[in-house]
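Encoded as structure tokens, the structure appears first; notes follow it.
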Protein chains: 4
Amino acid sequence: MPGLMSCRTEFGPSQPFKGARITGSLHMTIQTAVLIETLTALGAEVRWCSCNIFSTQDHAAAAIARDSAAVFAWKGETLQEYWWCTERALDWGPGGGPDLIVDDGGDATLLIHEGVKAEEEFEKTGKVPDPTSTDNPEFQIVLSIIKEGLQVDPKKYHKMKDRLVGVSEETTTGVKRLYQMQANGTLLFPAINVNDSVTKSKFDNLYGCRHSLPDGLMRATDVMIAGKVAVVCGYGDVGKGCAAAMKQAGARVIVTEIDPICALQATMEGLQVRTLDDVVSEADIFVTTTGNKDIIMVSDMRKMKNNAIVCNIGHFDNEIDMLGLETYPGVKRITIKPQTDRWVFPETNTGIIILAEGRLMNLGCATGHPSFVMSCSFTNQVIAQLELWKEKSSGKYKKEVYVLPKHLDEKVAALHLEKLGAKLTKLTKDQADYISVPVEGPYKPAHYRY
Amino acid sequence: MPGLMSCRTEFGPSQPFKGARITGSLHMTIQTAVLIETLTALGAEVRWCSCNIFSTQDHAAAAIARDSAAVFAWKGETLQEYWWCTERALDWGPGGGPDLIVDDGGDATLLIHEGVKAEEEFEKTGKVPDPTSTDNPEFQIVLSIIKEGLQVDPKKYHKMKDRLVGVSEETTTGVKRLYQMQANGTLLFPAINVNDSVTKSKFDNLYGCRHSLPDGLMRATDVMIAGKVAVVCGYGDVGKGCAAAMKQAGARVIVTEIDPICALQATMEGLQVRTLDDVVSEADIFVTTTGNKDIIMVSDMRKMKNNAIVCNIGHFDNEIDMLGLETYPGVKRITIKPQTDRWVFPETNTGIIILAEGRLMNLGCATGHPSFVMSCSFTNQVIAQLELWKEKSSGKYKKEVYVLPKHLDEKVAALHLEKLGAKLTKLTKDQADYISVPVEGPYKPAHYRY
Amino acid sequence: MPGLMSCRTEFGPSQPFKGARITGSLHMTIQTAVLIETLTALGAEVRWCSCNIFSTQDHAAAAIARDSAAVFAWKGETLQEYWWCTERALDWGPGGGPDLIVDDGGDATLLIHEGVKAEEEFEKTGKVPDPTSTDNPEFQIVLSIIKEGLQVDPKKYHKMKDRLVGVSEETTTGVKRLYQMQANGTLLFPAINVNDSVTKSKFDNLYGCRHSLPDGLMRATDVMIAGKVAVVCGYGDVGKGCAAAMKQAGARVIVTEIDPICALQATMEGLQVRTLDDVVSEADIFVTTTGNKDIIMVSDMRKMKNNAIVCNIGHFDNEIDMLGLETYPGVKRITIKPQTDRWVFPETNTGIIILAEGRLMNLGCATGHPSFVMSCSFTNQVIAQLELWKEKSSGKYKKEVYVLPKHLDEKVAALHLEKLGAKLTKLTKDQADYISVPVEGPYKPAHYRY
Amino acid sequence: MPGLMSCRTEFGPSQPFKGARITGSLHMTIQTAVLIETLTALGAEVRWCSCNIFSTQDHAAAAIARDSAAVFAWKGETLQEYWWCTERALDWGPGGGPDLIVDDGGDATLLIHEGVKAEEEFEKTGKVPDPTSTDNPEFQIVLSIIKEGLQVDPKKYHKMKDRLVGVSEETTTGVKRLYQMQANGTLLFPAINVNDSVTKSKFDNLYGCRHSLPDGLMRATDVMIAGKVAVVCGYGDVGKGCAAAMKQAGARVIVTEIDPICALQATMEGLQVRTLDDVVSEADIFVTTTGNKDIIMVSDMRKMKNNAIVCNIGHFDNEIDMLGLETYPGVKRITIKPQTDRWVFPETNTGIIILAEGRLMNLGCATGHPSFVMSCSFTNQVIAQLELWKEKSSGKYKKEVYVLPKHLDEKVAALHLEKLGAKLTKLTKDQADYISVPVEGPYKPAHYRY
């Protein structure tokens with residue numbers, strides 16, 4: 001992870017995070033361990049939980065717990081345990097919560113926002129959150145945890161909010177939530193959108209998934225990808241990476257899309273763009289990459305071929321209708337191995353293979369993105385955290401969502417190029433003037449799409 | 001060109017351009033003919049010149065001149081003739097110039113801006129432009145033309161400026177000039193940056209060049225691309241398309257880049273990133289795509305293999321040091337066929353092949369981008385022109401540079417999807433709410449990179 | 001054409017073809033000109049005709065006629081003219097015909113065989129060939145020409161046969177005819193099958209077509225290949241090259257096949273394998289590569305989309321039912337430019353685009369295979385001719401079909417590697433013994449498939 | 001494994017293997033389990049061992065041992081244990097050995113041939129094999145085992161030989177040995193070369209390795225392949241699959257080759273062809289695919305980058321100089337996890353990563369080829385065994401090496417096509433006659449290369 005190593009060399013001596021408490025909610029893998037160790041090497045105190053119930057690599061969690069930070073994460077948490085871990089990672093004891101949050105998917109941020117909302121309601125009306133007020137089983141758990149907190153300290157989440165300098169968030173889903181809160185005026189602290197750094201969105205999403213989709217498929221099922229028909233739902237950066245990986249491995253790829261621009265990009269790469277309904281009975285592999293919900297429903301699954309593989313590499317497990325599947329009358333679940341289940345429908349006695357229980361298959365069935373890609377993403381996180389902490393008192397960051405300045409984005413790339421033996425050309429002053437950029441960059445306007 | 005056809009169907013009946021004078025400065029090809037006929041079908045009067053001395057297809061120019069508009073363009077203009085054509089296309093007689101400009105590269109816009117500057121200087125100081133004040137032979141011609149104009153009417157370009165509602169510009173180079181003028185406060189009228197519509201920048205630049213680079217190479221030289229070493233200078237959208245085309249055709253591709261992010265993208269596609277100097281003597285094909293100048297100098301050319309092919313698909317002919325080559329002592333030019341010259345160095349008696357005299361090889365040696373791609377670009381132009389004309393009195397557009405709103409960009413894509421048999425998935429209201437977008441789009445935030 | 005140049009250097013001084021008369025029937029292009037000049041540089045006398053009515057490049061024919069050999073070929077021959085040319089190229093005057101034939105498609109070989117057959121019949125029964133005895137218009141012409149010959153000299157073709165040392169043939173079609181004649185016991189002289197040298201079949205057919213299919217399509221139609229649906233009929237070496245080219249250019253490719261092994265190869269590359277009937281109305285581009293007849297019938301063409309492109313790169317124009325099209329009641333042919341015709345059906349007023357009148361589109365619409373590929377093929381021809389001539393009296397070659405020995409095949413490859421900067425690894429004696437091959441090759445068993 | 005399932009359906013009822021004893025020496029994986037069960041379902045008795053010390057999947061071995069056959073195989077055998085297992089699988093007790101052998105690499109065949117040789121020597125001279133007569137540690141073990149056998153029964157291997165009807169062999173290495181024995185006149189029983197069925201050599205070697213090389217790399221090291229430099233030693237079918245996989249995953253691929261034809265193929269795909277020595281210090285991943293020995297020596301490894309990955313997917317572990325590495329003075333082996341070792345050189349303290357101890361990495365680090373590919377290979381094995389057994393008394397097969405007839409090869413392909421949704425076109429009688437093949441195939445001449 002060359003970017004993180006360079007951060008340690010460059011910033012370690014000056015201990016810029018001295019005095020900072022950082023809470024992270026991010027897949028507790030060996031790559032994340034290197035991130036945590038980088039944060040502590042720069043002076044921070046750290047508490048950590050995972051942002052996915054299956055993604056923790058227990059040996060990584062154990063090593064960090066032993067050497068570097070308090071860790072609340074293990075592979076195969078229940079939802080109840082998951083949210084308990086999140087709350088634990090945020091609770092730094094009497095002095096309130098963390099100074100900074102490293103977030104992935106926004107669950108840590110969500111818990112504080114929901115907590116503050118509940119405390120305000122309680123202060124105004126005396127009402128405590130009612131878990132039975134929602135049908136969503138996960139949100140029921142969130143409300144229960146907040147309710148318990150309220151009973152101990154009715155200002156618990158207010159204290160957290162007051163101390164917080166800011167959050168850096170690295171997923172499309174989490175960032176979307178932040179922009180919504182900014183739009184609604186409910187965002188409680190500054191946020192840096194790390195997801196939309198080029199060296200994150202175009203690397204983690206695109207190249208990371210191009211690597212880890214086939215990795216997860218092969219580890220979970222040993223399926224020969226060549227010759228198969230693969231449906232990729234969504235053709236954003238994640239979908240582009242997935243479709244490229246399946247095509248290169250010799251599959252015939254069909255894309256589903258809502259956005260005409262992305263759909264046109266798919267056709268220009270020779271991919272067929274159809275609706276799921278058109279192709280559901282002829283495909284062998286289904287991958288959801290949308291970041292939306294209800295993409296593959298149980299009614300779709302029933303029409304699939306026997307032993308069709310269904311998996312999600314988008315974000316939440318609600319891309320696939322797991323609830324519909326689990327509650328389908330008479331359905332039988334046969335666990336082939338952990339994270340690889342065959343679900344058999346009673347009418348036809350045929351079944352489909354669900355990976356990672358509908359959650360992120362690259363984390364559940366393989367080891368997530370490779371270190372090189374994560375080094376790009378995490379170097380963005382470190383640089384964002386440094387920026388937030390440095391400007392904690394300057395007022396530079398309001399309760400809004402910001403992207404990293406382009407020269408920092410280019411810096412992240414440069415830190416990773418050397419390792420690959422690439423050699424950059426240097427602009428002359430004359431050339432730089434001709435295209436009106438500084439010799440040392442940044443080289444592109446903000447709207448440039450790469 | 002399905003987008004243009006749809007525009008005629010949708011807007012033709014209401015004649016929205018009734019009363020509008022449009023001057024275009026854009027390669028006078030058969031695709032452009034369809035654009036011009038679309039503008040006139042929507043009610044406009046049109047005068048046209050080409051934006052490249054070699055790109056005119058004479059049969060297209062003739063057909064337009066006969067049926068639709070005044071055309072000042074032929075294949076193989078001298079520079080003198082080129083600027084004369086530009087001036088002619090802008091001069092609508094006594095009432096001033098055009099209401100709208102369709103620009104490609106910004107030469108029409110430049111001429112007005114330089115004209116106004118000279119007129120101001122003349123008004124203040126009585127000084128007329130002095131062509132000998134510059135070493136640049138092309139700019140000498142521009143100054144001569146302005147000088148002549150000044151002698152006839154010292155307010156000629158002021159009148160043009162005053163009448164102008166705005167310009168829509170479709171190239172990276174032209175847009176860069178516009179943003180510079182905006183930054184300097186010298187922009188004289190509103191401008192819509194059509195280049196940075198996704199359906200332009202990601203289609204024309206990327207897919208267009210992926211098509212037309214090999215097309216131009218094959219028509220000009222019949223070279224077997226497989227097995228060769230191709231150096232692509234620059235890995236922006238044009239460079240990405242070129243590198244993809246060369247790789248797919250079986251060449252080994254080496255990229256040169258100044259921007260670490262683009263360089264890292266190249267390595268992730270398995271391309272070697274080196275400096276030109278490292279590889280100049282081992283490659284067979286060199287392609288410049290940078291939009292900058294002085295990329296391949298005569299000192300580089302002298303180190304190349306015998307019969308190395310050198311061409312430019314970026315923008316101006318100064319990407320390749322044509323001046324250095326032409327003035328190299330003892331160099332011999334052997335024209336193999338029009339637009340394909342072998343230049344032989346006296347010391348070694350070996351030579352290199354220069355395509356299209358260093359100008360855009362896809363236009364000079366082939367027929368430019370295919371109609372489908374140009375339909376995307378030109379539909380953006382039509383929509384931008386409609387927007388400028390509709391808002392001519394509303395004050396919506398100041399003397400600044402604007403991009404098209406995303407829903408219009410998505411519309412351009414949608415108009416082209418059907419023709420390819422693609423079928424879009426529709427969001428449910430519930431899903432749209434879940435990701436906070438309208439059911440009918442736009443679907444992505446402004447900063448989304450595709 | 002590095003292989004041919006090396007042949008001249010290696011064999012020129014010893015003039016191995018001294019005294020040999022060579023007749024060639026092979027596309028009269030600039031590459032063939034280099035072949036002819038190589039044969040004459042090695043001492044041969046040469047007479048030449050083309051093997052395709054459209055493939056002659058007139059400037060190449062003229063240059064050869066002026067400097068090197070008697071040439072009977074021009075672009076756009078009628079069928080009558082075509083067979084007249086073939087007969088002329090075979091007729092060396094009183095002493096009989098050629099010593100050696102360089103054949104492409106087997107028409108020169110066919111004419112002699114048919115001639116001999118007719119002469120035998122005439123000798124036995126006094127019957128002369130009756131052109132009206134066949135429905136095939138081309139074969140009618142062949143019979144007419146033989147009939148005329150018979151009237152002048154009833155032993156004309158016998159004399160040719162008696163003098164002939166052998167033929168080298170380079171196409172699948174021609175080779176198939178030779179093996180049939182060998183099987184029937186009717187082959188009149190030895191034949192070397194150059195087509196099945198690896199450096200021919202895997203290079204000319206595969207890499208050559210991968211290059212020249214898109215070249216022909218782009219020159220003839222300027223069509224954007226990306227986003228289109230292309231049907232490739234046949235997935236042999238030619239089909240593999242065509243499918244790869246279309247896929248790489250961004251088309252969605254559908255393959256039709258009769259052979260389950262080739263079909264399985266197609267699926268392993270992610271291509272869809274369907275029957276023509278299944279997809280005829282959804283595709284944009286149709287390419288025949290089978291070497292068989294009646295692949296795309298006029299009944300298929302009528303079901304195609306408006307402006308679907310139909311072309312043949314297999315061998316004869318009967319892959320496409322041109323006769324059915326030409327005789328379709330009320331059909332209209334609109335020539336867009338030479339070799340690019342739009343045929344409009346009267347019922348629907350929609351039309352399809354036929355390239356090169358159904359003949360080889362890469363020769364008709366572009367300039368055929370690039371020189372590098374042809375250098376591989378033609379070096380095989382020269383080496384085969386040398387072998388036949390050297391062994392003319394040794395009895396080594398019977399009236400059978402032979403392939404070139406593998407070490408000569410490897411030699412052809414080696415002659416072309418250097419030019420591409422490739423560097424071979426050398427076996428140690430110990431390694432060579434370990435795998436039981438000579439250090440200097442040949443390295444593979446005869447059945448090896450590459 | 002559709003081919004095997006079809007065999008059961010087609011042949012199961014008639015029990016064609018009734019009375020046949022089959023010994024297999026072939027990786028004891030779950031796919032092989034399906035093969036064994038197919039053989040027993042057709043009536044055979046079966047004994048089995050693995051042909052690689054690491055490739056056994058213990059759960060597969062256990063299941064077979066329980067239900068179907070005697071199995072002598074476990075993951076991580078010593079060489080001593082390996083040959084003990086081979087001998088056990090061949091020893092069917094008093095009545096001699098097996099009737100048929102299914103071989104992979106030829107070790108079962110080798111043991112019998114060496115046994116017979118030793119018995120003959122013993123009969124003539126009374127000399128028993130002397131393990132110390134060879135430096136090769138593995139061959140020392142072979143000799144020990146034969147020596148022990150000799151002491152129990154001096155005709156043990158003669159009895160085996162006498163009973164044997166034939167062997168079917170599926171690897172390049174094993175087949176090479178068979179052809180050598182045929183050439184030397186020492187082959188003791190008929191052999192069918194299954195390796196050179198198209199549906200084996202072009203599927204297992206090419207598509208299988210294209211799948212399982214990245215699978216093994218990712219499981220063993222989680223390395224990001226994109227952006228790395230991969231050296232593939234050898235560009236036969238295995239090398240072609242490996243190079244394609246690495247290129248597609250975004251690596252830059254360099255090939256080493258001895259054969260000019262294969263080298264030229266590599267360049268035509270845009271791959272650089274260099275010697276190992278030229279690139280040893282710049283690459284990240286090294287893969288041997290040659291089937292030869294001494295490809296990467298310890299002297300090469302010392303020049304590699306820190307943490308370069310070195311692995312073998314060719315055949316024997318002597319492609320990589322494991323002996324040189326193990327005996328390098330001061331070298332340290334650090335086992336990261338089973339089959340993934342870091343070897344650190346004392347001088348530099350840098351190390352390289354060796355996968356699967358230099359043995360087949362796809363079997364050692366992943367699960368070998370996917371079932372679909374193995375189904376092709378194993379269906380060939382079953383069909384070959386059926387043919388040998390059917391013709392056991394007919395004298396059709398001499399003590400020579402045979403390939404399967406092409407119509408059986410096509411049959412294997414057809415059995416797998418359906419599963420992929422492919423639809424074959426059918427020849428008309430007229431078309432079949434035109435190209436002189438039967439309507440139902442076989443469609444290609446014996447020398448066709450696919």
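Here's how to read the names in the structure tokens: chain A, B, ... by the order shown, residue numbers from 1 in each chain, ligand numbers from 1 in the order shown.
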
- Identify every residue of chain C that has at least one atom within 6 Å of any atom of chain A, counting only C-alpha atoms, and report the result as a list in words.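 Here is what falls inside 6 Å: Ala226, Gly227, Gly250, Ala251, Arg252, Thr267, Met268, Glu269 and Gly270 of chain C.
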
Please save N, CA and C atoms of the selected residues as an mmCIF file, in the first residue's frame.
data_model
loop_
_atom_site.group_PDB
_atom_site.id
_atom_site.type_symbol
_atom_site.label_atom_id
_atom_site.label_comp_id
_atom_site.auth_asym_id
_atom_site.auth_seq_id
_atom_site.Cartn_x
_atom_site.Cartn_y
_atom_site.Cartn_z
ATOM 1 N N ALA C 226 -18.895 0.417 -33.405
ATOM 2 C CA ALA C 226 -19.274 0.339 -31.989
ATOM 3 C C ALA C 226 -20.786 0.475 -31.840
ATOM 4 N N GLY C 227 -21.366 -0.365 -31.008
ATOM 5 C CA GLY C 227 -22.790 -0.287 -30.734
ATOM 6 C C GLY C 227 -23.646 -1.087 -31.701
ATOM 7 N N GLY C 250 -16.159 -2.725 -30.732
ATOM 8 C CA GLY C 250 -17.311 -2.337 -29.929
ATOM 9 C C GLY C 250 -18.643 -2.846 -30.447
ATOM 10 N N ALA C 251 -18.622 -3.756 -31.417
ATOM 11 C CA ALA C 251 -19.882 -4.352 -31.862
ATOM 12 C C ALA C 251 -20.253 -5.509 -30.932
ATOM 13 N N ARG C 252 -21.509 -5.864 -30.929
ATOM 14 C CA ARG C 252 -21.966 -7.106 -30.307
ATOM 15 C C ARG C 252 -21.977 -8.140 -31.420
ATOM 16 N N THR C 267 -18.362 -19.602 -28.135
ATOM 17 C CA THR C 267 -19.007 -19.312 -26.843
ATOM 18 C C THR C 267 -17.966 -19.016 -25.773
ATOM 19 N N MET C 268 -16.819 -19.695 -25.840
ATOM 20 C CA MET C 268 -15.775 -19.470 -24.840
ATOM 21 C C MET C 268 -15.179 -18.059 -24.935
ATOM 22 N N GLU C 269 -15.363 -17.416 -26.085
ATOM 23 C CA GLU C 269 -14.940 -16.021 -26.234
ATOM 24 C C GLU C 269 -16.078 -15.054 -25.942
ATOM 25 N N GLY C 270 -17.181 -15.565 -25.443
ATOM 26 C CA GLY C 270 -18.276 -14.683 -25.076
ATOM 27 C C GLY C 270 -19.188 -14.305 -26.228
#

- Output as number ranges by chain all residues of segment 140-317 of chain B that backbone DSSP marks as alpha helix (DSSP H). B: 140-152, 156-163, 172-184, 198-200, 209-221, 237-248, 260-268, 276-279, 298-301

- Using only C-alpha atoms, which of the listed residues (C:Met1, C:Pro445, C:Ile30, C:Ala41) sits closest to Pro13 of chain C?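 Among the listed residues, the smallest separation from Pro13 of chain C belongs to C:Ala41.
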
- Message: Please compute the atom CA of Ala283 of chain B-atom CA of Asn307 of chain B distance, one decimal, in Å.
- Response: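 Between these atoms lies a distance of 10.4 Å.
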
Which residues come within 7 Å of Glu400 of chain A, counting only C-alpha atoms, excluding same-chain residues fewer than 5 positions away, as a short mmCIF file (atom, residue, chain, number, x, y, z; two decimals) with all heavy atoms, in the first residue's frame?
data_model
loop_
_atom_site.label_atom_id
_atom_site.label_comp_id
_atom_site.auth_asym_id
_atom_site.auth_seq_id
_atom_site.Cartn_x
_atom_site.Cartn_y
_atom_site.Cartn_z
N GLN A 182 -27.38 17.53 3.66
CA GLN A 182 -27.00 18.92 3.35
C GLN A 182 -28.19 19.65 2.72
O GLN A 182 -28.50 20.78 3.11
CB GLN A 182 -25.80 18.93 2.42
CG GLN A 182 -25.47 20.32 1.88
CD GLN A 182 -24.27 20.30 0.93
OE1 GLN A 182 -23.16 19.94 1.32
NE2 GLN A 182 -24.48 20.69 -0.31
N LEU A 187 -27.56 18.27 8.18
CA LEU A 187 -26.20 17.76 8.40
C LEU A 187 -25.60 18.43 9.63
O LEU A 187 -25.61 19.65 9.75
CB LEU A 187 -25.34 18.02 7.15
CG LEU A 187 -23.93 17.45 7.18
CD1 LEU A 187 -23.94 15.93 7.28
CD2 LEU A 187 -23.18 17.88 5.92
N PRO A 190 -19.22 19.00 9.37
CA PRO A 190 -18.63 18.99 8.02
C PRO A 190 -18.32 17.58 7.54
O PRO A 190 -18.03 16.71 8.37
CB PRO A 190 -17.33 19.79 8.18
CG PRO A 190 -17.51 20.59 9.43
CD PRO A 190 -18.39 19.78 10.32
N ALA A 191 -18.38 17.40 6.23
CA ALA A 191 -18.10 16.09 5.65
C ALA A 191 -17.23 16.26 4.42
O ALA A 191 -17.44 17.16 3.61
CB ALA A 191 -19.40 15.40 5.28
#

- Would you list, as a PyMOL selection string, the residues of segment 189-336 of chain A that end up in strand (DSSP E or B) under DSSP run on this structure's backbone? chain A and resi 191-193+229-233+252-256+272-273+285-288+296+308-312+320+332-336
